[in-house]
file my_file.txt (compact mmCIF, N, CA, C and O atoms)
# COMPACT_ATOMS: atom_id res chain seq x y z
N GLN A 1 -21.40 -23.55 -25.28
CA GLN A 1 -20.84 -24.25 -24.14
C GLN A 1 -20.24 -25.57 -24.63
O GLN A 1 -20.83 -26.28 -25.41
N ASP A 2 -19.04 -25.87 -24.13
CA ASP A 2 -18.36 -27.10 -24.51
C ASP A 2 -18.99 -28.31 -23.83
O ASP A 2 -19.49 -28.21 -22.71
N ASN A 3 -18.95 -29.41 -24.53
CA ASN A 3 -19.40 -30.67 -23.93
C ASN A 3 -18.33 -31.20 -22.99
O ASN A 3 -17.15 -31.09 -23.28
N ARG A 4 -18.76 -31.78 -21.91
CA ARG A 4 -17.82 -32.39 -20.98
C ARG A 4 -17.39 -33.74 -21.52
O ARG A 4 -18.14 -34.40 -22.23
N ARG A 5 -16.17 -34.14 -21.16
CA ARG A 5 -15.70 -35.47 -21.54
C ARG A 5 -16.51 -36.51 -20.78
O ARG A 5 -16.78 -36.34 -19.60
N PRO A 6 -16.85 -37.59 -21.45
CA PRO A 6 -17.55 -38.66 -20.72
C PRO A 6 -16.63 -39.30 -19.69
O PRO A 6 -15.42 -39.40 -19.90
N LEU A 7 -17.23 -39.72 -18.59
CA LEU A 7 -16.48 -40.43 -17.55
C LEU A 7 -16.85 -41.90 -17.58
O LEU A 7 -17.99 -42.26 -17.87
N PHE A 8 -15.87 -42.73 -17.27
CA PHE A 8 -16.03 -44.17 -17.24
C PHE A 8 -15.61 -44.70 -15.89
O PHE A 8 -14.86 -44.05 -15.17
N ARG A 9 -16.07 -45.91 -15.57
CA ARG A 9 -15.68 -46.58 -14.33
C ARG A 9 -15.24 -47.99 -14.69
O ARG A 9 -15.91 -48.69 -15.46
N SER A 10 -14.13 -48.41 -14.12
CA SER A 10 -13.66 -49.79 -14.26
C SER A 10 -13.29 -50.29 -12.87
O SER A 10 -12.68 -49.57 -12.08
N ASN A 11 -13.66 -51.53 -12.60
CA ASN A 11 -13.41 -52.12 -11.28
C ASN A 11 -12.43 -53.30 -11.38
O ASN A 11 -12.41 -54.01 -12.38
N GLY A 12 -11.67 -53.48 -10.32
CA GLY A 12 -10.82 -54.66 -10.20
C GLY A 12 -9.64 -54.69 -11.16
O GLY A 12 -9.20 -55.77 -11.53
N LEU A 13 -9.09 -53.52 -11.51
CA LEU A 13 -7.92 -53.50 -12.38
C LEU A 13 -6.65 -53.74 -11.56
O LEU A 13 -6.49 -53.15 -10.49
N ARG A 14 -5.78 -54.59 -12.06
CA ARG A 14 -4.51 -54.87 -11.38
C ARG A 14 -3.50 -53.77 -11.68
O ARG A 14 -3.39 -53.31 -12.82
N ILE A 15 -2.75 -53.39 -10.67
CA ILE A 15 -1.67 -52.41 -10.86
C ILE A 15 -0.39 -53.18 -11.15
O ILE A 15 0.09 -53.97 -10.33
N VAL A 16 0.16 -52.95 -12.34
CA VAL A 16 1.40 -53.58 -12.77
C VAL A 16 2.59 -52.72 -12.35
O VAL A 16 3.64 -53.22 -11.99
N ASP A 17 2.41 -51.40 -12.43
CA ASP A 17 3.49 -50.47 -12.07
C ASP A 17 2.86 -49.20 -11.53
O ASP A 17 1.78 -48.80 -11.97
N ARG A 18 3.54 -48.56 -10.60
CA ARG A 18 3.07 -47.29 -10.03
C ARG A 18 4.29 -46.43 -9.73
O ARG A 18 5.32 -46.93 -9.32
N ARG A 19 4.14 -45.14 -9.99
CA ARG A 19 5.21 -44.20 -9.66
C ARG A 19 4.66 -42.79 -9.61
O ARG A 19 3.56 -42.53 -10.12
N VAL A 20 5.42 -41.92 -9.00
CA VAL A 20 5.07 -40.50 -8.94
C VAL A 20 5.98 -39.77 -9.92
O VAL A 20 7.19 -39.97 -9.92
N VAL A 21 5.38 -38.97 -10.79
CA VAL A 21 6.12 -38.20 -11.77
C VAL A 21 5.82 -36.72 -11.57
O VAL A 21 4.84 -36.36 -10.93
N GLY A 22 6.67 -35.86 -12.12
CA GLY A 22 6.47 -34.42 -11.99
C GLY A 22 7.48 -33.82 -11.05
O GLY A 22 7.98 -34.48 -10.14
N ARG A 23 7.76 -32.57 -11.27
CA ARG A 23 8.82 -31.89 -10.51
C ARG A 23 8.33 -31.16 -9.28
O ARG A 23 9.10 -30.81 -8.42
N THR A 24 7.02 -30.88 -9.21
CA THR A 24 6.50 -30.13 -8.07
C THR A 24 5.55 -30.99 -7.26
O THR A 24 4.81 -31.80 -7.82
N ALA A 25 5.60 -30.81 -5.96
CA ALA A 25 4.74 -31.58 -5.07
C ALA A 25 3.29 -31.19 -5.31
O ALA A 25 3.01 -30.04 -5.63
N PRO A 26 2.35 -32.08 -5.23
CA PRO A 26 2.50 -33.47 -4.81
C PRO A 26 2.90 -34.42 -5.93
O PRO A 26 3.03 -35.61 -5.72
N GLY A 27 3.06 -33.93 -7.14
CA GLY A 27 3.38 -34.79 -8.26
C GLY A 27 2.14 -35.45 -8.84
O GLY A 27 1.02 -35.22 -8.39
N HIS A 28 2.37 -36.27 -9.85
CA HIS A 28 1.28 -36.94 -10.55
C HIS A 28 1.45 -38.45 -10.40
O HIS A 28 2.56 -38.96 -10.48
N LEU A 29 0.35 -39.13 -10.21
CA LEU A 29 0.37 -40.58 -10.05
C LEU A 29 0.29 -41.24 -11.42
O LEU A 29 -0.66 -41.00 -12.17
N LYS A 30 1.29 -42.03 -11.76
CA LYS A 30 1.34 -42.73 -13.05
C LYS A 30 1.18 -44.21 -12.77
O LYS A 30 1.94 -44.80 -11.99
N LEU A 31 0.16 -44.83 -13.37
CA LEU A 31 -0.11 -46.25 -13.16
C LEU A 31 -0.10 -47.00 -14.48
O LEU A 31 -0.49 -46.45 -15.51
N LYS A 32 0.31 -48.25 -14.43
CA LYS A 32 0.13 -49.20 -15.53
C LYS A 32 -0.88 -50.20 -15.00
O LYS A 32 -0.65 -50.85 -13.97
N LEU A 33 -2.04 -50.30 -15.67
CA LEU A 33 -3.15 -51.13 -15.20
C LEU A 33 -3.43 -52.24 -16.20
O LEU A 33 -3.18 -52.08 -17.40
N GLU A 34 -3.98 -53.36 -15.70
CA GLU A 34 -4.36 -54.43 -16.62
C GLU A 34 -5.56 -55.19 -16.07
O GLU A 34 -5.83 -55.19 -14.89
N ASP A 35 -6.26 -55.82 -17.02
CA ASP A 35 -7.29 -56.79 -16.67
C ASP A 35 -6.92 -58.09 -17.37
O ASP A 35 -5.76 -58.28 -17.74
N GLU A 36 -7.87 -58.97 -17.58
CA GLU A 36 -7.57 -60.26 -18.19
C GLU A 36 -7.18 -60.14 -19.67
O GLU A 36 -6.56 -61.04 -20.22
N LYS A 37 -7.53 -59.03 -20.32
CA LYS A 37 -7.37 -58.92 -21.77
C LYS A 37 -6.30 -57.95 -22.23
O LYS A 37 -5.68 -58.15 -23.26
N THR A 38 -6.11 -56.83 -21.53
CA THR A 38 -5.21 -55.79 -22.03
C THR A 38 -4.65 -54.96 -20.89
O THR A 38 -4.99 -55.16 -19.73
N SER A 39 -3.80 -53.99 -21.25
CA SER A 39 -3.23 -53.09 -20.24
C SER A 39 -3.33 -51.65 -20.73
O SER A 39 -3.46 -51.39 -21.93
N TRP A 40 -3.30 -50.72 -19.79
CA TRP A 40 -3.43 -49.30 -20.08
C TRP A 40 -2.51 -48.50 -19.18
O TRP A 40 -2.21 -48.90 -18.05
N ASP A 41 -2.13 -47.32 -19.65
CA ASP A 41 -1.46 -46.34 -18.82
C ASP A 41 -2.52 -45.39 -18.27
O ASP A 41 -3.50 -45.09 -18.95
N ALA A 42 -2.30 -44.93 -17.05
CA ALA A 42 -3.21 -43.98 -16.43
C ALA A 42 -2.40 -42.90 -15.73
O ALA A 42 -1.32 -43.18 -15.19
N ILE A 43 -2.92 -41.69 -15.72
CA ILE A 43 -2.26 -40.58 -15.03
C ILE A 43 -3.29 -39.87 -14.15
O ILE A 43 -4.42 -39.65 -14.57
N GLY A 44 -2.89 -39.58 -12.93
CA GLY A 44 -3.72 -38.82 -12.00
C GLY A 44 -3.00 -37.53 -11.66
O GLY A 44 -2.11 -37.52 -10.81
N PHE A 45 -3.34 -36.45 -12.35
CA PHE A 45 -2.67 -35.18 -12.12
C PHE A 45 -2.94 -34.68 -10.70
O PHE A 45 -4.07 -34.68 -10.24
N GLY A 46 -1.86 -34.33 -10.00
CA GLY A 46 -1.97 -33.85 -8.62
C GLY A 46 -2.25 -34.94 -7.60
O GLY A 46 -2.49 -34.64 -6.43
N MET A 47 -2.20 -36.21 -8.01
CA MET A 47 -2.53 -37.33 -7.11
C MET A 47 -1.30 -38.07 -6.59
O MET A 47 -1.42 -39.14 -6.01
N GLY A 48 -0.12 -37.51 -6.76
CA GLY A 48 1.10 -38.21 -6.35
C GLY A 48 1.13 -38.59 -4.88
O GLY A 48 1.65 -39.64 -4.51
N ALA A 49 0.56 -37.76 -4.03
CA ALA A 49 0.55 -38.04 -2.59
C ALA A 49 -0.32 -39.24 -2.25
O ALA A 49 -0.22 -39.79 -1.15
N ARG A 50 -1.15 -39.69 -3.19
CA ARG A 50 -2.07 -40.80 -2.93
C ARG A 50 -1.49 -42.15 -3.37
O ARG A 50 -2.20 -43.15 -3.37
N VAL A 51 -0.22 -42.19 -3.74
CA VAL A 51 0.38 -43.42 -4.26
C VAL A 51 0.21 -44.60 -3.30
O VAL A 51 -0.03 -45.73 -3.74
N ALA A 52 0.27 -44.37 -2.01
CA ALA A 52 0.12 -45.46 -1.03
C ALA A 52 -1.30 -46.02 -0.99
O ALA A 52 -1.49 -47.15 -0.54
N GLU A 53 -2.28 -45.27 -1.46
CA GLU A 53 -3.67 -45.74 -1.47
C GLU A 53 -3.92 -46.78 -2.56
O GLU A 53 -4.91 -47.49 -2.52
N ALA A 54 -3.05 -46.83 -3.55
CA ALA A 54 -3.24 -47.73 -4.68
C ALA A 54 -2.75 -49.12 -4.29
O ALA A 54 -1.56 -49.39 -4.28
N GLY A 55 -3.69 -49.99 -3.93
CA GLY A 55 -3.35 -51.35 -3.53
C GLY A 55 -3.02 -52.21 -4.73
O GLY A 55 -2.66 -51.72 -5.80
N ALA A 56 -3.16 -53.51 -4.60
CA ALA A 56 -2.85 -54.43 -5.69
C ALA A 56 -3.84 -54.28 -6.84
O ALA A 56 -3.49 -54.41 -8.01
N THR A 57 -5.11 -54.00 -6.50
CA THR A 57 -6.13 -53.75 -7.51
C THR A 57 -6.90 -52.50 -7.12
O THR A 57 -7.01 -52.16 -5.94
N VAL A 58 -7.42 -51.81 -8.15
CA VAL A 58 -8.14 -50.56 -7.91
C VAL A 58 -9.41 -50.49 -8.73
O VAL A 58 -9.54 -51.15 -9.77
N ASP A 59 -10.35 -49.71 -8.23
CA ASP A 59 -11.54 -49.29 -8.96
C ASP A 59 -11.28 -47.84 -9.34
O ASP A 59 -10.85 -47.05 -8.50
N ILE A 60 -11.49 -47.49 -10.61
CA ILE A 60 -11.15 -46.14 -11.07
C ILE A 60 -12.31 -45.46 -11.79
O ILE A 60 -13.16 -46.12 -12.36
N VAL A 61 -12.33 -44.13 -11.72
CA VAL A 61 -13.20 -43.28 -12.52
C VAL A 61 -12.24 -42.45 -13.37
O VAL A 61 -11.27 -41.89 -12.84
N TYR A 62 -12.51 -42.36 -14.69
CA TYR A 62 -11.53 -41.76 -15.59
C TYR A 62 -12.18 -41.26 -16.88
O TYR A 62 -13.30 -41.64 -17.22
N SER A 63 -11.44 -40.43 -17.57
CA SER A 63 -11.77 -40.09 -18.95
C SER A 63 -10.64 -40.66 -19.82
O SER A 63 -9.59 -41.05 -19.31
N ILE A 64 -10.88 -40.71 -21.10
CA ILE A 64 -9.89 -41.24 -22.03
C ILE A 64 -9.32 -40.07 -22.82
O ILE A 64 -10.06 -39.21 -23.29
N GLU A 65 -7.98 -40.04 -22.95
CA GLU A 65 -7.35 -38.96 -23.68
C GLU A 65 -6.13 -39.44 -24.45
O GLU A 65 -5.65 -40.56 -24.22
N ARG A 66 -5.66 -38.59 -25.35
CA ARG A 66 -4.41 -38.85 -26.05
C ARG A 66 -3.27 -38.28 -25.24
O ARG A 66 -3.35 -37.16 -24.75
N ASN A 67 -2.19 -39.04 -25.12
CA ASN A 67 -0.99 -38.58 -24.46
C ASN A 67 0.07 -38.37 -25.53
O ASN A 67 0.49 -39.32 -26.18
N ASN A 68 0.47 -37.13 -25.73
CA ASN A 68 1.55 -36.81 -26.64
C ASN A 68 2.78 -36.46 -25.81
O ASN A 68 2.81 -35.41 -25.18
N TRP A 69 3.74 -37.34 -25.77
CA TRP A 69 4.91 -37.13 -24.94
C TRP A 69 6.14 -37.64 -25.66
O TRP A 69 6.17 -38.77 -26.15
N ASP A 70 7.15 -36.81 -25.74
CA ASP A 70 8.44 -37.19 -26.29
C ASP A 70 8.32 -37.75 -27.71
O ASP A 70 8.95 -38.75 -28.05
N GLY A 71 7.46 -37.13 -28.52
CA GLY A 71 7.31 -37.54 -29.90
C GLY A 71 6.45 -38.77 -30.13
O GLY A 71 6.31 -39.25 -31.24
N ARG A 72 5.85 -39.31 -29.07
CA ARG A 72 4.99 -40.49 -29.19
C ARG A 72 3.57 -40.14 -28.78
O ARG A 72 3.35 -39.33 -27.89
N GLU A 73 2.63 -40.79 -29.43
CA GLU A 73 1.23 -40.58 -29.10
C GLU A 73 0.62 -41.91 -28.67
O GLU A 73 0.83 -42.93 -29.31
N ALA A 74 -0.11 -41.88 -27.56
CA ALA A 74 -0.76 -43.09 -27.05
C ALA A 74 -2.05 -42.69 -26.35
O ALA A 74 -2.22 -41.54 -25.94
N ILE A 75 -2.94 -43.65 -26.19
CA ILE A 75 -4.17 -43.45 -25.43
C ILE A 75 -3.86 -43.73 -23.96
O ILE A 75 -3.16 -44.69 -23.63
N GLN A 76 -4.38 -42.89 -23.08
CA GLN A 76 -4.22 -43.14 -21.65
C GLN A 76 -5.51 -42.77 -20.92
O GLN A 76 -6.34 -42.04 -21.45
N PHE A 77 -5.63 -43.30 -19.72
CA PHE A 77 -6.74 -42.93 -18.84
C PHE A 77 -6.30 -41.73 -18.01
O PHE A 77 -5.21 -41.73 -17.46
N ARG A 78 -7.16 -40.74 -17.90
CA ARG A 78 -6.92 -39.60 -17.01
C ARG A 78 -7.79 -39.82 -15.78
O ARG A 78 -9.02 -39.72 -15.84
N LEU A 79 -7.16 -40.14 -14.67
CA LEU A 79 -7.88 -40.48 -13.44
C LEU A 79 -8.62 -39.28 -12.88
O LEU A 79 -8.07 -38.18 -12.79
N VAL A 80 -9.85 -39.52 -12.49
CA VAL A 80 -10.64 -38.54 -11.75
C VAL A 80 -10.61 -38.92 -10.27
O VAL A 80 -10.45 -38.08 -9.40
N ASP A 81 -10.70 -40.24 -10.01
CA ASP A 81 -10.63 -40.74 -8.64
C ASP A 81 -10.37 -42.24 -8.70
O ASP A 81 -10.54 -42.87 -9.74
N PHE A 82 -9.93 -42.78 -7.57
CA PHE A 82 -9.71 -44.22 -7.47
C PHE A 82 -9.83 -44.64 -6.02
O PHE A 82 -9.78 -43.81 -5.11
N ARG A 83 -9.97 -45.94 -5.82
CA ARG A 83 -9.97 -46.51 -4.48
C ARG A 83 -9.42 -47.93 -4.58
O ARG A 83 -9.46 -48.54 -5.66
N PRO A 84 -8.94 -48.47 -3.47
CA PRO A 84 -8.58 -49.90 -3.49
C PRO A 84 -9.81 -50.69 -3.89
O PRO A 84 -10.92 -50.39 -3.49
N SER A 85 -9.60 -51.70 -4.71
CA SER A 85 -10.71 -52.46 -5.25
C SER A 85 -11.43 -53.26 -4.18
O SER A 85 -10.82 -53.87 -3.31
N ILE A 86 -12.75 -53.25 -4.28
CA ILE A 86 -13.56 -54.07 -3.39
C ILE A 86 -13.54 -55.51 -3.88
O ILE A 86 -13.45 -56.44 -3.11
N ARG A 87 -13.55 -55.67 -5.20
CA ARG A 87 -13.50 -56.99 -5.82
C ARG A 87 -12.05 -57.35 -6.10
O ARG A 87 -11.39 -56.69 -6.88
N GLN A 88 -11.54 -58.34 -5.47
CA GLN A 88 -10.17 -58.79 -5.70
C GLN A 88 -10.13 -59.79 -6.83
O GLN A 88 -10.93 -60.71 -6.86
N SER A 89 -9.22 -59.57 -7.80
CA SER A 89 -9.13 -60.49 -8.95
C SER A 89 -8.27 -61.67 -8.62
O SER A 89 -7.37 -61.61 -7.87
call {"tool": "encode", "arguments": {"input": "my_file.txt", "output": "structure tokens"}}
result
Amino acid sequence: QDNRRPLFRSNGLRIVDRRVVGRTAPGHLKLKLEDEKTSWDAIGFGMGARVAEAGATVDIVYSIERNNWDGREAIQFRLVDFRPSIRQS
């Protein structure tokens, strides 16, 4: 049996950019997130319809994965769930 990917939680991340990507509805939610120290890309597969739920800051549950796209490799967060942040930065 395969091991499951570990899940992480981060609270109070600022959304720098948000968009819906993908050709079929509902699409995928693509976020650029940051805290006081760094920034990350995040993708929520099938979460495109939830773009309006992403306020100025969010609390997220995610796994970490490699994104290989267009000849480039980067680390990104794969969203499992999110909500508007309770703690405002």
call {"tool": "closest_residue", "arguments": {"input": "my_file.txt", "among": "A:Val61, A:Ala74, A:Ala42, A:Val51", "to": "Arg9 (chain A)", "atoms": "all atoms listed in the file"}}
result
A:Val61
call {"tool": "atom_distance", "arguments": {"input": "my_file.txt", "atom1": "CA of Phe82 (chain A)", "atom2": "atom C of Asp70 (chain A)"}}
result
27.9 Å
call {"tool": "residues_around", "arguments": {"input": "my_file.txt", "residues": "Gly55 (chain A)", "least_positions_apart": "2", "cutoff": "8 Å", "atoms": "only N, CA, C and O atoms", "output": "list in words"}}
result
Leu13, Arg14, Ile15, Val16, Arg50, Val51, Ala52, Glu53, Thr57, Val58, Asp59, Arg83, Pro84 and Ser85 of chain A
call {"tool": "atom_distance", "arguments": {"input": "my_file.txt", "atom1": "atom N of Asn3 (chain A)", "atom2": "atom N of Trp69 (chain A)"}}
result
24.1 Å
call {"tool": "closest_residue", "arguments": {"input": "my_file.txt", "among": "A:Val20, A:Ala56, A:Leu7, A:Ala49", "to": "Arg78 (chain A)", "atoms": "only C-alpha atoms"}}
result
A:Leu7
call {"tool": "select_by_dssp", "arguments": {"input": "my_file.txt", "residues": "region 5-82 of chain A", "states": "helix (DSSP H, G or I)", "output": "VMD selection string"}}
result
chain A and resid 48 to 53
call {"tool": "residues_around", "arguments": {"input": "my_file.txt", "residues": "Leu29 (chain A)", "least_positions_apart": "5", "cutoff": "7 Å", "atoms": "only C-alpha atoms", "output": "VMD selection string"}}
result
chain A and resid 19 to 21 43 to 45 47 to 48 51
call {"tool": "atom_distance", "arguments": {"input": "my_file.txt", "atom1": "atom O of Lys32 (chain A)", "atom2": "CA of Gln76 (chain A)"}}
result
11.5 Å
call {"tool": "closest_residue", "arguments": {"input": "my_file.txt", "among": "A:Ile86, A:Ile75, A:Val80, A:Ala54", "to": "Ser39 (chain A)", "atoms": "only C-alpha atoms"}}
result
A:Ile75
call {"tool": "select_by_dssp", "arguments": {"input": "my_file.txt", "residues": "region 7-85 of chain A", "states": "strand (DSSP E or B)", "output": "compact mmCIF listing (two decimals) with N, CA, C and O atoms, in the frame of the given file"}}
result
# COMPACT_ATOMS: atom_id res chain seq x y z
N PHE A 8 -15.87 -42.73 -17.27
CA PHE A 8 -16.03 -44.17 -17.24
C PHE A 8 -15.61 -44.70 -15.89
O PHE A 8 -14.86 -44.05 -15.17
N ARG A 9 -16.07 -45.91 -15.57
CA ARG A 9 -15.68 -46.58 -14.33
C ARG A 9 -15.24 -47.99 -14.69
O ARG A 9 -15.91 -48.69 -15.46
N SER A 10 -14.13 -48.41 -14.12
CA SER A 10 -13.66 -49.79 -14.26
C SER A 10 -13.29 -50.29 -12.87
O SER A 10 -12.68 -49.57 -12.08
N ASN A 11 -13.66 -51.53 -12.60
CA ASN A 11 -13.41 -52.12 -11.28
C ASN A 11 -12.43 -53.30 -11.38
O ASN A 11 -12.41 -54.01 -12.38
N GLY A 12 -11.67 -53.48 -10.32
CA GLY A 12 -10.82 -54.66 -10.20
C GLY A 12 -9.64 -54.69 -11.16
O GLY A 12 -9.20 -55.77 -11.53
N LEU A 13 -9.09 -53.52 -11.51
CA LEU A 13 -7.92 -53.50 -12.38
C LEU A 13 -6.65 -53.74 -11.56
O LEU A 13 -6.49 -53.15 -10.49
N ARG A 14 -5.78 -54.59 -12.06
CA ARG A 14 -4.51 -54.87 -11.38
C ARG A 14 -3.50 -53.77 -11.68
O ARG A 14 -3.39 -53.31 -12.82
N ILE A 15 -2.75 -53.39 -10.67
CA ILE A 15 -1.67 -52.41 -10.86
C ILE A 15 -0.39 -53.18 -11.15
O ILE A 15 0.09 -53.97 -10.33
N VAL A 16 0.16 -52.95 -12.34
CA VAL A 16 1.40 -53.58 -12.77
C VAL A 16 2.59 -52.72 -12.35
O VAL A 16 3.64 -53.22 -11.99
N ASP A 17 2.41 -51.40 -12.43
CA ASP A 17 3.49 -50.47 -12.07
C ASP A 17 2.86 -49.20 -11.53
O ASP A 17 1.78 -48.80 -11.97
N ARG A 18 3.54 -48.56 -10.60
CA ARG A 18 3.07 -47.29 -10.03
C ARG A 18 4.29 -46.43 -9.73
O ARG A 18 5.32 -46.93 -9.32
N ARG A 19 4.14 -45.14 -9.99
CA ARG A 19 5.21 -44.20 -9.66
C ARG A 19 4.66 -42.79 -9.61
O ARG A 19 3.56 -42.53 -10.12
N VAL A 20 5.42 -41.92 -9.00
CA VAL A 20 5.07 -40.50 -8.94
C VAL A 20 5.98 -39.77 -9.92
O VAL A 20 7.19 -39.97 -9.92
N VAL A 21 5.38 -38.97 -10.79
CA VAL A 21 6.12 -38.20 -11.77
C VAL A 21 5.82 -36.72 -11.57
O VAL A 21 4.84 -36.36 -10.93
N HIS A 28 2.37 -36.27 -9.85
CA HIS A 28 1.28 -36.94 -10.55
C HIS A 28 1.45 -38.45 -10.40
O HIS A 28 2.56 -38.96 -10.48
N LEU A 29 0.35 -39.13 -10.21
CA LEU A 29 0.37 -40.58 -10.05
C LEU A 29 0.29 -41.24 -11.42
O LEU A 29 -0.66 -41.00 -12.17
N LYS A 30 1.29 -42.03 -11.76
CA LYS A 30 1.34 -42.73 -13.05
C LYS A 30 1.18 -44.21 -12.77
O LYS A 30 1.94 -44.80 -11.99
N LEU A 31 0.16 -44.83 -13.37
CA LEU A 31 -0.11 -46.25 -13.16
C LEU A 31 -0.10 -47.00 -14.48
O LEU A 31 -0.49 -46.45 -15.51
N LYS A 32 0.31 -48.25 -14.43
CA LYS A 32 0.13 -49.20 -15.53
C LYS A 32 -0.88 -50.20 -15.00
O LYS A 32 -0.65 -50.85 -13.97
N LEU A 33 -2.04 -50.30 -15.67
CA LEU A 33 -3.15 -51.13 -15.20
C LEU A 33 -3.43 -52.24 -16.20
O LEU A 33 -3.18 -52.08 -17.40
N GLU A 34 -3.98 -53.36 -15.70
CA GLU A 34 -4.36 -54.43 -16.62
C GLU A 34 -5.56 -55.19 -16.07
O GLU A 34 -5.83 -55.19 -14.89
N SER A 39 -3.80 -53.99 -21.25
CA SER A 39 -3.23 -53.09 -20.24
C SER A 39 -3.33 -51.65 -20.73
O SER A 39 -3.46 -51.39 -21.93
N TRP A 40 -3.30 -50.72 -19.79
CA TRP A 40 -3.43 -49.30 -20.08
C TRP A 40 -2.51 -48.50 -19.18
O TRP A 40 -2.21 -48.90 -18.05
N ASP A 41 -2.13 -47.32 -19.65
CA ASP A 41 -1.46 -46.34 -18.82
C ASP A 41 -2.52 -45.39 -18.27
O ASP A 41 -3.50 -45.09 -18.95
N ALA A 42 -2.30 -44.93 -17.05
CA ALA A 42 -3.21 -43.98 -16.43
C ALA A 42 -2.40 -42.90 -15.73
O ALA A 42 -1.32 -43.18 -15.19
N ILE A 43 -2.92 -41.69 -15.72
CA ILE A 43 -2.26 -40.58 -15.03
C ILE A 43 -3.29 -39.87 -14.15
O ILE A 43 -4.42 -39.65 -14.57
N GLY A 44 -2.89 -39.58 -12.93
CA GLY A 44 -3.72 -38.82 -12.00
C GLY A 44 -3.00 -37.53 -11.66
O GLY A 44 -2.11 -37.52 -10.81
N THR A 57 -5.11 -54.00 -6.50
CA THR A 57 -6.13 -53.75 -7.51
C THR A 57 -6.90 -52.50 -7.12
O THR A 57 -7.01 -52.16 -5.94
N VAL A 58 -7.42 -51.81 -8.15
CA VAL A 58 -8.14 -50.56 -7.91
C VAL A 58 -9.41 -50.49 -8.73
O VAL A 58 -9.54 -51.15 -9.77
N ASP A 59 -10.35 -49.71 -8.23
CA ASP A 59 -11.54 -49.29 -8.96
C ASP A 59 -11.28 -47.84 -9.34
O ASP A 59 -10.85 -47.05 -8.50
N ILE A 60 -11.49 -47.49 -10.61
CA ILE A 60 -11.15 -46.14 -11.07
C ILE A 60 -12.31 -45.46 -11.79
O ILE A 60 -13.16 -46.12 -12.36
N VAL A 61 -12.33 -44.13 -11.72
CA VAL A 61 -13.20 -43.28 -12.52
C VAL A 61 -12.24 -42.45 -13.37
O VAL A 61 -11.27 -41.89 -12.84
N TYR A 62 -12.51 -42.36 -14.69
CA TYR A 62 -11.53 -41.76 -15.59
C TYR A 62 -12.18 -41.26 -16.88
O TYR A 62 -13.30 -41.64 -17.22
N SER A 63 -11.44 -40.43 -17.57
CA SER A 63 -11.77 -40.09 -18.95
C SER A 63 -10.64 -40.66 -19.82
O SER A 63 -9.59 -41.05 -19.31
N ILE A 64 -10.88 -40.71 -21.10
CA ILE A 64 -9.89 -41.24 -22.03
C ILE A 64 -9.32 -40.07 -22.82
O ILE A 64 -10.06 -39.21 -23.29
N GLU A 65 -7.98 -40.04 -22.95
CA GLU A 65 -7.35 -38.96 -23.68
C GLU A 65 -6.13 -39.44 -24.45
O GLU A 65 -5.65 -40.56 -24.22
N ARG A 66 -5.66 -38.59 -25.35
CA ARG A 66 -4.41 -38.85 -26.05
C ARG A 66 -3.27 -38.28 -25.24
O ARG A 66 -3.35 -37.16 -24.75
N ASN A 67 -2.19 -39.04 -25.12
CA ASN A 67 -0.99 -38.58 -24.46
C ASN A 67 0.07 -38.37 -25.53
O ASN A 67 0.49 -39.32 -26.18
N ASN A 68 0.47 -37.13 -25.73
CA ASN A 68 1.55 -36.81 -26.64
C ASN A 68 2.78 -36.46 -25.81
O ASN A 68 2.81 -35.41 -25.18
N TRP A 69 3.74 -37.34 -25.77
CA TRP A 69 4.91 -37.13 -24.94
C TRP A 69 6.14 -37.64 -25.66
O TRP A 69 6.17 -38.77 -26.15
N ARG A 72 5.85 -39.31 -29.07
CA ARG A 72 4.99 -40.49 -29.19
C ARG A 72 3.57 -40.14 -28.78
O ARG A 72 3.35 -39.33 -27.89
N GLU A 73 2.63 -40.79 -29.43
CA GLU A 73 1.23 -40.58 -29.10
C GLU A 73 0.62 -41.91 -28.67
O GLU A 73 0.83 -42.93 -29.31
N ALA A 74 -0.11 -41.88 -27.56
CA ALA A 74 -0.76 -43.09 -27.05
C ALA A 74 -2.05 -42.69 -26.35
O ALA A 74 -2.22 -41.54 -25.94
N ILE A 75 -2.94 -43.65 -26.19
CA ILE A 75 -4.17 -43.45 -25.43
C ILE A 75 -3.86 -43.73 -23.96
O ILE A 75 -3.16 -44.69 -23.63
N GLN A 76 -4.38 -42.89 -23.08
CA GLN A 76 -4.22 -43.14 -21.65
C GLN A 76 -5.51 -42.77 -20.92
O GLN A 76 -6.34 -42.04 -21.45
N PHE A 77 -5.63 -43.30 -19.72
CA PHE A 77 -6.74 -42.93 -18.84
C PHE A 77 -6.30 -41.73 -18.01
O PHE A 77 -5.21 -41.73 -17.46
N ARG A 78 -7.16 -40.74 -17.90
CA ARG A 78 -6.92 -39.60 -17.01
C ARG A 78 -7.79 -39.82 -15.78
O ARG A 78 -9.02 -39.72 -15.84
N LEU A 79 -7.16 -40.14 -14.67
CA LEU A 79 -7.88 -40.48 -13.44
C LEU A 79 -8.62 -39.28 -12.88
O LEU A 79 -8.07 -38.18 -12.79
N VAL A 80 -9.85 -39.52 -12.49
CA VAL A 80 -10.64 -38.54 -11.75
C VAL A 80 -10.61 -38.92 -10.27
O VAL A 80 -10.45 -38.08 -9.40
N ASP A 81 -10.70 -40.24 -10.01
CA ASP A 81 -10.63 -40.74 -8.64
C ASP A 81 -10.37 -42.24 -8.70
O ASP A 81 -10.54 -42.87 -9.74
N PHE A 82 -9.93 -42.78 -7.57
CA PHE A 82 -9.71 -44.22 -7.47
C PHE A 82 -9.83 -44.64 -6.02
O PHE A 82 -9.78 -43.81 -5.11
N ARG A 83 -9.97 -45.94 -5.82
CA ARG A 83 -9.97 -46.51 -4.48
C ARG A 83 -9.42 -47.93 -4.58
O ARG A 83 -9.46 -48.54 -5.66
N PRO A 84 -8.94 -48.47 -3.47
CA PRO A 84 -8.58 -49.90 -3.49
C PRO A 84 -9.81 -50.69 -3.89
O PRO A 84 -10.92 -50.39 -3.49
call {"tool": "closest_residue", "arguments": {"input": "my_file.txt", "among": "A:Asp41, A:Ser63, A:Gly46, A:Asp2", "to": "Pro26 (chain A)", "atoms": "only N, CA, C and O atoms"}}
result
A:Gly46
